[in-house]
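Structure file target10.json (JSON, C-alpha atoms and all ligand atoms) follows.
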```json
[["chain", "number", "residue", "atom", "x", "y", "z"],
["A", 29, "MET", "CA", 10.82, 19.87, -9.81],
["A", 30, "SER", "CA", 13.52, 18.45, -12.06],
["A", 31, "LEU", "CA", 12.88, 15.25, -14.00],
["A", 32, "LEU", "CA", 15.40, 13.46, -11.85],
["A", 33, "THR", "CA", 14.00, 14.56, -8.48],
["A", 34, "ASP", "CA", 10.53, 13.66, -9.69],
["A", 35, "LEU", "CA", 11.67, 10.15, -10.66],
["A", 36, "ILE", "CA", 13.53, 9.64, -7.37],
["A", 37, "GLU", "CA", 10.46, 10.71, -5.42],
["A", 38, "LYS", "CA", 8.12, 8.41, -7.34],
["A", 39, "LEU", "CA", 10.40, 5.37, -7.06],
["A", 40, "GLN", "CA", 10.03, 5.73, -3.30],
["A", 41, "TRP", "CA", 6.32, 4.93, -3.65],
["A", 42, "LEU", "CA", 7.40, 1.30, -3.93],
["A", 43, "PRO", "CA", 7.79, -0.79, -0.74],
["A", 44, "GLY", "CA", 11.33, -1.35, 0.45],
["A", 45, "ILE", "CA", 12.71, 1.49, -1.68],
["A", 46, "GLY", "CA", 14.22, 4.24, 0.43],
["A", 47, "ARG", "CA", 15.83, 7.46, -0.74],
["A", 48, "LYS", "CA", 19.25, 5.95, -1.39],
["A", 49, "THR", "CA", 17.97, 3.02, -3.42],
["A", 50, "ALA", "CA", 15.64, 5.32, -5.35],
["A", 51, "GLN", "CA", 18.59, 7.52, -6.26],
["A", 52, "ARG", "CA", 20.67, 4.57, -7.39],
["A", 53, "LEU", "CA", 17.81, 3.20, -9.50],
["A", 54, "ALA", "CA", 17.09, 6.59, -11.05],
["A", 55, "PHE", "CA", 20.71, 6.99, -12.15],
["A", 56, "TYR", "CA", 20.91, 3.38, -13.28],
["A", 57, "LEU", "CA", 17.87, 3.92, -15.52],
["A", 58, "GLN", "CA", 19.70, 6.78, -17.25],
["A", 59, "LYS", "CA", 22.43, 4.38, -18.30],
["A", 60, "MET", "CA", 20.03, 1.76, -19.61],
["A", 61, "ASP", "CA", 19.10, 1.32, -23.23],
["A", 62, "LYS", "CA", 16.08, 3.54, -24.00],
["A", 63, "ALA", "CA", 14.14, 0.70, -25.62],
["A", 64, "GLN", "CA", 14.68, -1.41, -22.53],
["A", 65, "VAL", "CA", 13.36, 1.33, -20.26],
["A", 66, "GLN", "CA", 10.30, 1.51, -22.49],
["A", 67, "GLU", "CA", 9.86, -2.27, -22.22],
["A", 68, "LEU", "CA", 10.06, -2.05, -18.46],
["A", 69, "THR", "CA", 7.50, 0.73, -18.12],
["A", 70, "ASP", "CA", 5.20, -1.01, -20.63],
["A", 71, "ALA", "CA", 5.39, -4.25, -18.65],
["A", 72, "ILE", "CA", 4.47, -2.42, -15.44],
["A", 73, "THR", "CA", 1.55, -0.64, -17.09],
["A", 74, "ARG", "CA", 0.26, -3.73, -18.91],
["A", 75, "ALA", "CA", 0.34, -5.90, -15.78],
["A", 76, "ARG", "CA", -1.41, -3.26, -13.70],
["A", 77, "MET", "CA", -4.08, -2.53, -16.31],
["A", 78, "HIS", "CA", -4.89, -6.07, -17.38],
["A", 79, "LEU", "CA", -4.61, -8.19, -14.24],
["A", 80, "LYS", "CA", -7.82, -8.54, -12.31],
["A", 81, "GLU", "CA", -9.14, -10.64, -9.46],
["A", 82, "CYS", "CA", -10.56, -14.01, -10.47],
["A", 83, "SER", "CA", -14.22, -13.94, -9.40],
["A", 84, "ILE", "CA", -13.89, -17.44, -7.90],
["A", 85, "CYS", "CA", -10.53, -17.68, -6.11],
["A", 86, "ARG", "CA", -9.63, -13.96, -6.02],
["A", 87, "ASN", "CA", -6.18, -14.58, -7.45],
["A", 88, "LEU", "CA", -4.75, -12.00, -9.83],
["A", 89, "ALA", "CA", -5.13, -13.22, -13.39],
["A", 90, "GLU", "CA", -5.48, -12.11, -16.98],
["A", 91, "GLN", "CA", -8.66, -14.10, -17.48],
["A", 92, "ASP", "CA", -11.73, -14.65, -15.34],
["A", 93, "PRO", "CA", -12.05, -17.39, -14.13],
["A", 94, "CYS", "CA", -8.30, -17.82, -13.83],
["A", 95, "GLU", "CA", -6.31, -20.68, -15.39],
["A", 96, "ILE", "CA", -6.16, -22.63, -12.13],
["A", 97, "CYS", "CA", -9.93, -22.44, -11.52],
["A", 98, "GLU", "CA", -10.52, -23.48, -15.16],
["A", 99, "ASP", "CA", -8.07, -26.38, -15.09],
["A", 100, "ALA", "CA", -10.09, -29.60, -15.36],
["A", 101, "SER", "CA", -7.25, -31.70, -13.93],
["A", 102, "ARG", "CA", -7.41, -29.88, -10.57],
["A", 103, "ASP", "CA", -9.10, -31.35, -7.52],
["A", 104, "LYS", "CA", -12.15, -29.08, -7.20],
["A", 105, "GLU", "CA", -13.03, -30.32, -3.72],
["A", 106, "LEU", "CA", -9.82, -29.08, -2.14],
["A", 107, "ILE", "CA", -9.18, -25.39, -1.42],
["A", 108, "CYS", "CA", -5.95, -23.94, -0.06],
["A", 109, "VAL", "CA", -6.45, -20.55, 1.62],
["A", 110, "VAL", "CA", -3.48, -18.18, 1.37],
["A", 111, "GLU", "CA", -2.78, -14.56, 2.28],
["A", 112, "GLN", "CA", -1.47, -13.16, -1.01],
["A", 113, "PRO", "CA", -1.34, -13.96, -4.74],
["A", 114, "SER", "CA", 2.44, -14.37, -4.35],
["A", 115, "ASP", "CA", 1.79, -17.36, -2.03],
["A", 116, "VAL", "CA", 0.03, -19.17, -4.89],
["A", 117, "MET", "CA", 3.16, -18.84, -7.02],
["A", 118, "VAL", "CA", 5.25, -20.33, -4.21],
["A", 119, "ILE", "CA", 2.95, -23.32, -3.62],
["A", 120, "GLU", "CA", 2.65, -23.92, -7.37],
["A", 121, "ARG", "CA", 6.43, -24.22, -7.54],
["A", 122, "THR", "CA", 6.28, -27.33, -5.32],
["A", 123, "SER", "CA", 4.20, -29.09, -8.07],
["A", 124, "GLU", "CA", 2.71, -31.20, -5.25],
["A", 125, "TYR", "CA", -0.54, -29.40, -4.69],
["A", 126, "LYS", "CA", -3.34, -30.18, -7.14],
["A", 127, "GLY", "CA", -6.30, -28.47, -5.54],
["A", 128, "LEU", "CA", -7.68, -24.95, -5.93],
["A", 129, "TYR", "CA", -6.86, -21.76, -4.01],
["A", 130, "HIS", "CA", -8.57, -18.94, -2.23],
["A", 131, "ILE", "CA", -6.68, -15.68, -1.76],
["A", 132, "LEU", "CA", -7.61, -13.52, 1.23],
["A", 133, "HIS", "CA", -5.53, -10.46, 0.25],
["A", 134, "GLY", "CA", -4.32, -9.95, 3.80],
["A", 135, "VAL", "CA", -4.78, -11.23, 7.35],
["A", 136, "ILE", "CA", -6.81, -10.09, 10.34],
["A", 137, "SER", "CA", -4.68, -7.45, 12.03],
["A", 138, "PRO", "CA", -6.28, -5.02, 14.51],
["A", 139, "ILE", "CA", -3.07, -2.92, 14.66],
["A", 140, "ASP", "CA", -3.32, -2.27, 10.92],
["A", 141, "ASN", "CA", -7.09, -1.84, 11.13],
["A", 142, "VAL", "CA", -7.74, -4.96, 9.05],
["A", 143, "GLY", "CA", -10.83, -6.91, 10.09],
["A", 144, "PRO", "CA", -12.48, -10.01, 8.59],
["A", 145, "ASP", "CA", -14.66, -7.84, 6.35],
["A", 146, "ASP", "CA", -11.58, -6.39, 4.66],
["A", 147, "LEU", "CA", -10.56, -9.87, 3.48],
["A", 148, "ARG", "CA", -12.16, -12.15, 0.88],
["A", 149, "ILE", "CA", -13.75, -14.34, 3.56],
["A", 150, "GLN", "CA", -17.37, -13.84, 2.46],
["A", 151, "ALA", "CA", -16.34, -14.88, -1.05],
["A", 152, "LEU", "CA", -14.87, -18.06, 0.44],
["A", 153, "LEU", "CA", -18.11, -18.84, 2.30],
["A", 154, "LYS", "CA", -20.15, -18.25, -0.84],
["A", 155, "ARG", "CA", -17.89, -20.61, -2.73],
["A", 156, "ILE", "CA", -18.20, -23.31, -0.10],
["A", 157, "ASN", "CA", -21.98, -22.97, 0.00],
["A", 158, "SER", "CA", -22.33, -23.27, -3.75],
["A", 159, "GLN", "CA", -20.12, -26.26, -4.49],
["A", 160, "LYS", "CA", -19.03, -29.50, -2.86],
["A", 161, "ILE", "CA", -15.83, -28.94, -0.90],
["A", 162, "ASP", "CA", -14.11, -31.78, 0.91],
["A", 163, "GLU", "CA", -11.28, -29.96, 2.67],
["A", 164, "VAL", "CA", -10.02, -26.44, 3.25],
["A", 165, "ILE", "CA", -6.30, -26.14, 3.96],
["A", 166, "ILE", "CA", -5.39, -22.90, 5.71],
["A", 167, "ALA", "CA", -1.90, -21.85, 4.65],
["A", 168, "THR", "CA", -1.71, -18.37, 6.13],
["A", 169, "ASN", "CA", 1.78, -17.48, 7.41],
["A", 170, "PRO", "CA", 2.84, -18.84, 10.82],
["A", 171, "THR", "CA", 2.59, -15.41, 12.45],
["A", 172, "THR", "CA", 0.20, -14.25, 15.19],
["A", 173, "GLU", "CA", -2.03, -12.62, 12.56],
["A", 174, "GLY", "CA", -1.85, -15.70, 10.33],
["A", 175, "ASP", "CA", -2.89, -17.92, 13.25],
["A", 176, "VAL", "CA", -5.74, -15.63, 14.34],
["A", 177, "THR", "CA", -7.04, -15.60, 10.76],
["A", 178, "ALA", "CA", -6.77, -19.39, 10.51],
["A", 179, "ILE", "CA", -8.77, -19.88, 13.72],
["A", 180, "TYR", "CA", -11.37, -17.34, 12.63],
["A", 181, "ILE", "CA", -11.93, -19.13, 9.32],
["A", 182, "ALA", "CA", -11.93, -22.58, 10.94],
["A", 183, "LYS", "CA", -14.70, -21.46, 13.33],
["A", 184, "LEU", "CA", -16.81, -20.30, 10.39],
["A", 185, "LEU", "CA", -16.30, -23.46, 8.35],
["A", 186, "LYS", "CA", -16.58, -26.17, 11.01],
["A", 187, "PRO", "CA", -20.36, -25.82, 11.49],
["A", 188, "LEU", "CA", -20.74, -26.36, 7.73],
["A", 189, "GLY", "CA", -19.24, -29.82, 8.13],
["A", 190, "ILE", "CA", -16.06, -28.96, 6.21],
["A", 191, "LYS", "CA", -12.76, -30.57, 7.13],
["A", 192, "VAL", "CA", -10.40, -27.70, 7.99],
["A", 193, "THR", "CA", -6.64, -28.25, 8.22],
["A", 194, "ARG", "CA", -3.67, -26.00, 8.94],
["A", 195, "ILE", "CA", -0.28, -26.51, 7.29],
["A", 196, "ALA", "CA", 2.36, -27.95, 9.59],
["A", 197, "ARG", "CA", 4.80, -25.80, 11.48],
["A", 198, "GLY", "CA", 7.77, -26.74, 9.35],
["A", 199, "LEU", "CA", 8.23, -23.07, 8.73],
["A", 200, "PRO", "CA", 10.21, -20.98, 11.21],
["A", 201, "MET", "CA", 8.02, -18.73, 13.38],
["A", 202, "GLY", "CA", 7.18, -15.40, 11.83],
["A", 203, "SER", "CA", 8.60, -16.37, 8.49],
["A", 204, "ASP", "CA", 6.88, -15.66, 5.24],
["A", 205, "LEU", "CA", 5.56, -18.41, 3.06],
["A", 206, "ASP", "CA", 7.48, -17.03, 0.11],
["A", 207, "LEU", "CA", 10.80, -17.37, 1.94],
["A", 208, "ALA", "CA", 10.32, -21.08, 2.55],
["A", 209, "ASP", "CA", 12.16, -23.48, 0.31],
["A", 210, "ILE", "CA", 10.25, -26.03, -1.74],
["A", 211, "THR", "CA", 11.08, -29.05, 0.46],
["A", 212, "THR", "CA", 10.01, -27.27, 3.64],
["A", 213, "LEU", "CA", 6.80, -26.12, 2.04],
["A", 214, "THR", "CA", 5.99, -29.55, 0.62],
["A", 215, "ARG", "CA", 6.50, -31.06, 4.09],
["A", 216, "ALA", "CA", 4.35, -28.37, 5.68],
["A", 217, "LEU", "CA", 1.54, -29.20, 3.25],
["A", 218, "GLU", "CA", 1.87, -32.95, 3.71],
["A", 219, "GLY", "CA", 2.01, -32.61, 7.50],
["A", 220, "ARG", "CA", -1.16, -30.53, 7.73],
["A", 221, "ARG", "CA", -3.42, -31.21, 10.70],
["A", 222, "GLU", "CA", -7.09, -30.79, 11.33],
["A", 223, "ILE", "CA", -8.00, -27.77, 13.45],
["B", 1, "ZN", "ZN", -9.41, -18.48, -9.91]]
```
Hey, can you dump this file as structure tokens for me?
Amino acid sequence: MSLLTDLIEKLQWLPGIGRKTAQRLAFYLQKMDKAQVQELTDAITRARMHLKECSICRNLAEQDPCEICEDASRDKELICVVEQPSDVMVIERTSEYKGLYHILHGVISPIDNVGPDDLRIQALLKRINSQKIDEVIIATNPTTEGDVTAIYIAKLLKPLGIKVTRIARGLPMGSDLDLADITTLTRALEGRREI
């Protein structure tokens, strides 16, 4: 296999990159400065090798516990449950939320063979049992899977006497949290309701 075909094939390992895009990227890389290409590949390798899951919130971080879990100015009695690490970045951009997070790394989805045990739900329960938590905000996406997951978690937490809320439906149905603009997201958080 030629170097070029090999590169084109491997670029297609990434989501959203089809054959055409892979080809374009492969040729584009040949025009780039060699040092820059090295920087890019180094950044990919470094991030992949050195990021790990925070043992508390399960976010991807360089240190364990992560910066957010370690931050003394955060409200430790408030946990916002999200699907993916990228959702944390989005909510952090609003600068409104001052609590902690819990990252599930997915949603319950029978079609994709993802059940509750494949998510970080046990880790959430352990966390809630070992420290005083006032409220859990469930900010999974407003999709069928996101809703099913929210209800599942609410049923587990309610008997423990925890206030469980769901972010408001300011977001268009089926949309991803990371597509929402900051104002919409801030409103969705403020308008959360108990479930
Ligand atoms: Zn953490």
| said: Can you work out which residues are within 9 Å of ligand ZN 1 (chain B), considering all atoms listed in the file, and then hand them over as a VMD selection string? | reply: chain A and resid 81 to 89 91 to 98 128 to 130
| message | I'd like the interatomic distance between atom CA of Ile119 of chain A and atom CA of Tyr180 of chain A, to a tenth of an Å. | response |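 Calculated distance between atom CA of Ile119 of chain A and atom CA of Tyr180 of chain A is 22.5 Å.
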| message | Neighbouring residues of segment 158-166 of chain A were defined as those with any atom within 6 Å, considering all atoms listed in the file; residues of the same chain fewer than 5 positions away were excluded. Please report them as a ChimeraX atom specification. | response | /A:105-109,191-194
| query | For Glu120 of chain A, which of A:Pro144, A:Thr214, A:Lys80, A:Gly219 is the closest residue, counting only C-alpha atoms? | reply |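 Looking at the shortest contact to Glu120 of chain A, the residue is A:Thr214.
Summary of the local environment: counting all atoms listed in the file, residues at most 7 Å from segment 172-176 of chain A, other than itself and those fewer than 5 positions away along its chain, are Val135, Ile136 and Ser137 of chain A.
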| request: Could you give me, as a VMD selection string, the residues within 9 Å of Leu217 of chain A, counting all atoms listed in the file and dropping anything in the same chain fewer than 6 positions from it? | output: chain A and resid 124 to 125 165 167 194 to 196
Restricted to C-alpha atoms, what would the selected residues look like written as a PDB file, in the coordinates of the input?
```pdb
ATOM      1  CA  GLU A 124       2.710 -31.200  -5.250  1.00  0.00           C
ATOM      2  CA  TYR A 125      -0.540 -29.400  -4.690  1.00  0.00           C
ATOM      3  CA  ILE A 165      -6.300 -26.140   3.960  1.00  0.00           C
ATOM      4  CA  ALA A 167      -1.900 -21.850   4.650  1.00  0.00           C
ATOM      5  CA  ARG A 194      -3.670 -26.000   8.940  1.00  0.00           C
ATOM      6  CA  ILE A 195      -0.280 -26.510   7.290  1.00  0.00           C
ATOM      7  CA  ALA A 196       2.360 -27.950   9.590  1.00  0.00           C
TER       8      ALA A 196
END
```
| task | Take atom CA of Leu42 of chain A and atom CA of Gln58 of chain A and report the distance between them in Å, one decimal. | result | 18.9 Å
| task | Would you mind reading off the distance between atom CA of Leu35 of chain A and atom CA of Ala54 of chain A, one decimal, in Å? | result | 6.5 Å
